[in-house]
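Enquirer: Input: one structure, supplied below.
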Amino acid sequence: LWRFGCSARLLKTNHSRTAAPNTSFPAVWMLLAQHSGRIPGLFVAAQKANFCTMRETVEENGSPELYSPHPKVRGMTLLNREAFKRTVVVPVLKVKKEIVHALMKALKHTVLQRPGLKRVIEDPEDEGSKLVILDPHQVPEFSLGQAEQEVLKQLNIPPEVSRYNLELTYENFKSEEILRAVLPEGQDVTSGFSRVGHIAHFNLRDHQLPYKHLIGQVIIDKNPGITCVVNKTSIIDSTYRNFEMEVLAGESNLVTKVKENNISYELDFAKVYWNPRLSTEHGRIVELLKPGDVLFDVFAGIGPFAIPAAKKKCVVFANDLNPESYKWLLHNCKLNKVDNKIKAFNLDGRDFLLGPVREELRKALALEKEAQKPAVHIVMNLPASALEFLDVFRHLLVGEPCSTAVLPTVHCYGFSKHENPAKEIQERAEASLGASLDGRCATYLVRNVAPNKEMLCISFRVPVDVLYKRPCPAEGEEQPSCCTFC
């Protein structure tokens with residue numbers, strides 16, 4: 001089963017082969033901070049509720065039919081709301097109108113708590129009385145316990161529990177109850193869905209596909225604000241990070257609006273990448289930045305790292321290869337009034353690193369005064385292949401470094417199916433860089449993507465010997481001075 005909920009757990013991992021076996025995470029994190037500047041201590045946050053699961057809520061005992069539609073809906077593929085009607089017998093108490101409130105307060109754990117169902121209804125036989133519906137699970141034999149009877153005695157209410165025929169309709173059932181009643185017994189209802197503005201995004205399994213249109217309509221009916229349900233029909237393209245999808249129900253408009261970390265974005269969900277499960281990670285990275293820092297966002301998408309960084313008064317260079325992502329990046333920069341604070345590019349990530357990033361690093365590191373040199377962060381959020389781009393940093397600059405204090409900090413993302421994902425991610429990063437990161441990197445578990453597949457972020461300062469190519473002086477010449485570049 002998928003291990004997602006409306007609140008996602010976040011774990012931190014680290015790996016250092018030189019650390020003592022019992023080295024604590026804070027100690028390793030502090031070691032990283034010595035090498036990489038402003039990387040804070042432990043960061044704990046909760047993912048925003050943009051991913052929803054349909055929980056198992058049907059009780060095993062009591063009156064399960066109160067939570068189940070009519071059995072004849074099993075196997076339905078075309079939604080017929082009328083077929084969900086059924087009548088169930090529930091326990092009720094006859095109470096004078098003037099003491100209903102007092103009874104409800106005294107027996108709050110015994111009266112029906114079912115959302116969408118009235119707990120107090122008219123008494124068809126007595127205008128001066130009401131019928132209070134009790135929870136069948138609390139009154140399974142239509143008789144009250146001693147404690148409840150004492151309450152009724154104090155309120156001068158007859159203790160007799162009556163039976164009432166309660167009609168349930170499609171509107172009274174929750175989405176998971178409807179789908180559980182329709183799909184074959186014993187099979188998973190759904191694996192949950194992501195909400196992107198007015199769009200609900202599913203990754204349906206094979207056994208759910210015959211019911212896909214019914215599932216889509218039920219989700220629209222039961223989730224206010226959702227007007228379109230889509231199902232992913234292909235894997236994510238590693239070039240443009242988009243995927244094919246099918247509209248299951250509702251309107252076909254896939255241009256939507258989302259809000260993340262108090263910033264609004266607009267996008268065409270069919271053409272650009274957007275994952276609401278990454279909101280906490282976006283916020284975590286931006287939290288590392290300070291006004292005046294420089295951020296290079298190599299695979300920027302529509303701007304979830306770049307735009308909040310610009311709002312934080314950082315100098316931002318944002319790039320994405322996908323022309324549609326680039327278009328929406330520019331749109332969202334204007335939408336959030338930071339279009340004059342972000343320099344946007346539509347380049348391959350490697351070309352962006354070898355071109356604008358290298359040029360701006362030269363300028364930043366050539367500043368004469370140490371205090372003028374900003375902290376530099378490079379975000380590489382393309383987990384399918386970003387680690388393969390790290391070889392670009394090999395001798396990206398030529399000359400002698402002015403100070404190791406201004407070496408750029410890289411935050412690179414990757415997927416791992418390894419039993420020790422932090423170790424594997426570090427080893428892959430080291431292979432691309434051609435240098436060891438022992439004792440000077442940290443890995444962070446971003447999220448569980450699928451069973452046995454994790455997404456991680458590895459953060460490190462680019463080692464001096466990797467970033468700089470020191471020119472060899474000709475025979476008889478002096479060693480070049482600091483910050484001498486070709």
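Ligands are numbered from 1 in the order shown, residues from 1 within each chain, and chains are lettered A, B, ... in the order they appear in the structure tokens.
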Write out as JSON, numbers by chain each polymer residue whose atoms come within 6 Å of Thr87 in chain A, counting only C-alpha atoms; drop sequence neighbours fewer than 3 positions from it.

Expert: {"A": [166, 167, 168]}

Enquirer: Print the selection's residues with C-alpha atoms to a file, as a PDB file, in the first residue's frame.

Expert:
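Resulting contents of selection24.pdb:
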```pdb
ATOM      1  CA  LEU A 166     -33.743   5.820   8.046  1.00  0.00           C
ATOM      2  CA  GLU A 167     -33.420   6.267   4.283  1.00  0.00           C
ATOM      3  CA  LEU A 168     -29.856   6.675   3.021  1.00  0.00           C
TER       4      LEU A 168
END
```

Enquirer: Skipping near chain neighbours, those fewer than 3 positions away, what residues fall within 9 Å of Glu287 in chain A using only C-alpha atoms, listed as a compact mmCIF listing (two decimals) with C-alpha atoms, in the first residue's frame?

Expert:
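The result, stored in part_14.txt:
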```txt
# COMPACT_ATOMS: atom_id res chain seq x y z
CA PRO A 40 20.66 25.13 9.40
CA HIS A 282 10.60 23.94 -1.69
CA GLY A 283 10.15 25.76 1.61
CA ARG A 284 13.10 23.97 3.20
CA LYS A 290 19.32 34.94 3.07
CA ALA A 309 13.76 33.11 -3.34
```

Enquirer: Among range 108-186 of chain A, which residues carry a DSSP assignment of alpha helix (DSSP H), reported as a ChimeraX atom specification?

Expert: /A:146-154,175-182

Enquirer: Using DSSP secondary structure from the backbone, list all strand (DSSP E or B) positions within range 410-440 of chain A, as JSON, numbers by chain.

Expert: {"A": [410, 411, 412, 413, 414, 415, 416]}

Enquirer: So that I can check the surroundings of Lys341 in chain A, please list as a ChimeraX atom specification every protein, DNA and RNA residue that reaches within 10 Å of it, counting only C-alpha atoms and ignoring chain neighbours fewer than 4 positions away.

Expert: /A:306-307,309-311,313-317,333,337

Enquirer: Hey, could you make a per-residue contact list for range 244-299 of chain A against range 205-215 of chain A with 10 Å as the cut-off, showing the nearest pair of atoms and its distance in Å to one decimal, counting only C-alpha atoms, sorted by chain and number, as a Markdown table?

Expert:
```
| residue | atom | partner | partner_atom | distance |
| --- | --- | --- | --- | --- |
| A:Val247 | CA | A:His213 | CA | 8.7 |
| A:Leu248 | CA | A:His213 | CA | 4.9 |
| A:Ala249 | CA | A:His213 | CA | 6.0 |
| A:Gly250 | CA | A:His213 | CA | 9.7 |
```

Enquirer: Could you write those residues out with N, CA, C and O atoms, as a PDB file, in the first residue's frame?

Expert:
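Final output, out32.pdb:
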```pdb
ATOM      1  N   VAL A 247      -8.554  12.466 -19.176  1.00  0.00           N
ATOM      2  CA  VAL A 247      -9.594  13.076 -18.357  1.00  0.00           C
ATOM      3  C   VAL A 247     -10.662  12.027 -18.080  1.00  0.00           C
ATOM      4  O   VAL A 247     -11.275  11.479 -19.001  1.00  0.00           O
ATOM      5  N   LEU A 248     -10.898  11.724 -16.808  1.00  0.00           N
ATOM      6  CA  LEU A 248     -11.871  10.703 -16.421  1.00  0.00           C
ATOM      7  C   LEU A 248     -13.269  11.273 -16.237  1.00  0.00           C
ATOM      8  O   LEU A 248     -14.263  10.588 -16.491  1.00  0.00           O
ATOM      9  N   ALA A 249     -13.342  12.509 -15.760  1.00  0.00           N
ATOM     10  CA  ALA A 249     -14.653  13.121 -15.489  1.00  0.00           C
ATOM     11  C   ALA A 249     -14.485  14.628 -15.399  1.00  0.00           C
ATOM     12  O   ALA A 249     -13.394  15.129 -15.087  1.00  0.00           O
ATOM     13  N   GLY A 250     -15.559  15.342 -15.648  1.00  0.00           N
ATOM     14  CA  GLY A 250     -15.541  16.790 -15.500  1.00  0.00           C
ATOM     15  C   GLY A 250     -15.034  17.512 -16.727  1.00  0.00           C
ATOM     16  O   GLY A 250     -14.913  16.946 -17.819  1.00  0.00           O
TER      17      GLY A 250
END
```

Enquirer: Skipping near chain neighbours, those fewer than 4 positions away, what residues fall within 10 Å of Asp339 in chain A using only C-alpha atoms, listed as a ChimeraX atom specification?

Expert: /A:307,310,329-335,343-344

Enquirer: Store the residues picked out above, limited to all heavy atoms, as a JSON list (two decimals), in the first residue's frame.

Expert:
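Contents of the output file again-v7.json:
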```
[["chain", "number", "residue", "atom", "x", "y", "z"],
["A", 307, "ILE", "N", 10.86, 31.72, -7.44],
["A", 307, "ILE", "CA", 10.00, 32.85, -7.11],
["A", 307, "ILE", "C", 10.03, 33.19, -5.61],
["A", 307, "ILE", "O", 10.21, 34.36, -5.25],
["A", 307, "ILE", "CB", 8.57, 32.61, -7.63],
["A", 307, "ILE", "CG1", 8.58, 32.67, -9.17],
["A", 307, "ILE", "CG2", 7.58, 33.63, -7.07],
["A", 307, "ILE", "CD1", 7.28, 32.29, -9.82],
["A", 310, "ALA", "N", 13.29, 34.90, -4.91],
["A", 310, "ALA", "CA", 13.30, 36.30, -5.36],
["A", 310, "ALA", "C", 12.52, 37.19, -4.42],
["A", 310, "ALA", "O", 12.92, 38.33, -4.15],
["A", 310, "ALA", "CB", 12.74, 36.38, -6.77],
["A", 329, "LEU", "N", 6.98, 29.98, -16.28],
["A", 329, "LEU", "CA", 7.90, 30.60, -15.33],
["A", 329, "LEU", "C", 7.85, 32.12, -15.49],
["A", 329, "LEU", "O", 7.73, 32.86, -14.49],
["A", 329, "LEU", "CB", 9.32, 30.09, -15.57],
["A", 329, "LEU", "CG", 10.45, 30.80, -14.81],
["A", 329, "LEU", "CD1", 10.29, 30.64, -13.30],
["A", 329, "LEU", "CD2", 11.81, 30.27, -15.27],
["A", 330, "LEU", "N", 7.94, 32.59, -16.73],
["A", 330, "LEU", "CA", 7.85, 34.03, -16.98],
["A", 330, "LEU", "C", 6.50, 34.58, -16.52],
["A", 330, "LEU", "O", 6.41, 35.66, -15.92],
["A", 330, "LEU", "CB", 8.05, 34.32, -18.46],
["A", 330, "LEU", "CG", 9.43, 33.98, -19.05],
["A", 330, "LEU", "CD1", 9.44, 34.26, -20.56],
["A", 330, "LEU", "CD2", 10.52, 34.78, -18.36],
["A", 331, "HIS", "N", 5.43, 33.82, -16.80],
["A", 331, "HIS", "CA", 4.08, 34.24, -16.40],
["A", 331, "HIS", "C", 3.97, 34.38, -14.89],
["A", 331, "HIS", "O", 3.44, 35.37, -14.37],
["A", 331, "HIS", "CB", 3.06, 33.24, -16.92],
["A", 331, "HIS", "CG", 1.66, 33.48, -16.47],
["A", 331, "HIS", "ND1", 0.81, 34.38, -17.09],
["A", 331, "HIS", "CD2", 0.95, 32.96, -15.43],
["A", 331, "HIS", "CE1", -0.35, 34.41, -16.45],
["A", 331, "HIS", "NE2", -0.30, 33.54, -15.45],
["A", 332, "ASN", "N", 4.50, 33.38, -14.16],
["A", 332, "ASN", "CA", 4.40, 33.42, -12.70],
["A", 332, "ASN", "C", 5.32, 34.45, -12.08],
["A", 332, "ASN", "O", 5.02, 34.96, -10.99],
["A", 332, "ASN", "CB", 4.67, 32.02, -12.14],
["A", 332, "ASN", "CG", 3.51, 31.06, -12.39],
["A", 332, "ASN", "OD1", 2.38, 31.34, -12.02],
["A", 332, "ASN", "ND2", 3.79, 29.94, -13.04],
["A", 333, "CYS", "N", 6.41, 34.76, -12.74],
["A", 333, "CYS", "CA", 7.26, 35.86, -12.26],
["A", 333, "CYS", "C", 6.49, 37.18, -12.30],
["A", 333, "CYS", "O", 6.53, 37.97, -11.34],
["A", 333, "CYS", "CB", 8.53, 35.97, -13.11],
["A", 333, "CYS", "SG", 9.73, 34.65, -12.80],
["A", 334, "LYS", "N", 5.76, 37.40, -13.38],
["A", 334, "LYS", "CA", 4.95, 38.61, -13.48],
["A", 334, "LYS", "C", 3.78, 38.57, -12.49],
["A", 334, "LYS", "O", 3.46, 39.58, -11.86],
["A", 334, "LYS", "CB", 4.42, 38.77, -14.91],
["A", 334, "LYS", "CG", 5.49, 39.09, -15.93],
["A", 334, "LYS", "CD", 4.89, 39.28, -17.32],
["A", 334, "LYS", "CE", 5.98, 39.63, -18.33],
["A", 334, "LYS", "NZ", 5.41, 39.79, -19.69],
["A", 335, "LEU", "N", 3.16, 37.40, -12.37],
["A", 335, "LEU", "CA", 2.04, 37.25, -11.46],
["A", 335, "LEU", "C", 2.42, 37.61, -10.03],
["A", 335, "LEU", "O", 1.64, 38.23, -9.29],
["A", 335, "LEU", "CB", 1.53, 35.80, -11.51],
["A", 335, "LEU", "CG", 0.36, 35.43, -10.61],
["A", 335, "LEU", "CD1", -0.92, 36.15, -11.04],
["A", 335, "LEU", "CD2", 0.13, 33.92, -10.62],
["A", 343, "LYS", "N", 16.35, 36.36, -13.62],
["A", 343, "LYS", "CA", 16.81, 36.20, -15.00],
["A", 343, "LYS", "C", 16.49, 34.77, -15.42],
["A", 343, "LYS", "O", 17.01, 33.82, -14.84],
["A", 343, "LYS", "CB", 18.30, 36.48, -15.11],
["A", 343, "LYS", "CG", 18.67, 37.94, -14.84],
["A", 343, "LYS", "CD", 20.16, 38.18, -15.05],
["A", 343, "LYS", "CE", 20.50, 39.65, -14.79],
["A", 343, "LYS", "NZ", 21.96, 39.92, -14.98],
["A", 344, "ALA", "N", 15.61, 34.65, -16.42],
["A", 344, "ALA", "CA", 15.12, 33.33, -16.83],
["A", 344, "ALA", "C", 15.77, 32.89, -18.13],
["A", 344, "ALA", "O", 16.06, 33.70, -19.01],
["A", 344, "ALA", "CB", 13.60, 33.36, -16.99]]
```

Enquirer: Quick one: everything within 8 Å of Leu397 in chain A, counting only C-alpha atoms, minus sequence neighbours fewer than 4 positions away in the same chain. Send it as a CSV table (one decimal) with N, CA and C atoms, in the first residue's frame.

Expert:
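Result file follows (result-v1.csv):
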```csv
chain,number,residue,atom,x,y,z
A,358,ARG,N,28.5,29.7,-15.0
A,358,ARG,CA,30.0,29.9,-14.9
A,358,ARG,C,30.3,31.4,-15.0
A,362,ARG,N,32.1,33.6,-11.9
A,362,ARG,CA,33.4,34.4,-12.1
A,362,ARG,C,33.2,35.8,-11.6
A,467,LEU,N,36.2,22.3,-8.5
A,467,LEU,CA,35.7,23.5,-9.1
A,467,LEU,C,36.8,24.2,-9.9
A,468,TYR,N,38.0,24.3,-9.4
A,468,TYR,CA,39.0,25.1,-10.0
A,468,TYR,C,40.1,24.3,-10.8
A,469,LYS,N,40.4,24.8,-11.9
A,469,LYS,CA,41.6,24.2,-12.6
A,469,LYS,C,42.7,25.2,-12.5
A,485,PHE,N,41.9,34.4,-13.9
A,485,PHE,CA,41.1,33.5,-14.8
A,485,PHE,C,41.5,33.6,-16.2
```

Enquirer: Just the residues within 10 Å of Lys72 in chain A, please, counting only C-alpha atoms, with nothing from its chain fewer than 5 positions along; format it as a ChimeraX atom specification.

Expert: /A:83-84,181-182

Enquirer: Write out as a ChimeraX atom specification the residues lying within 12 Å of Gly145 in chain A, counting only C-alpha atoms and excluding same-chain residues fewer than 6 positions away.

Expert: /A:107,110,138-139,151-152,159-161

Enquirer: Please measure the separation of CA of Thr77 in chain A and CA of Phe202 in chain A, giving the value in Å to one decimal.

Expert: 17.2 Å

Enquirer: What is the CA of Lys271 in chain A to CA of Ser325 in chain A distance in Å?

Expert: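 Rounded to one decimal, the two atoms are 7.7 Å apart.
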
Enquirer: In terms of the shortest atom-to-atom distance over only C-alpha atoms, which of A:Leu387, A:Arg350, A:Gly128, A:His109 is closest to Glu148 in chain A?

Expert: A:His109
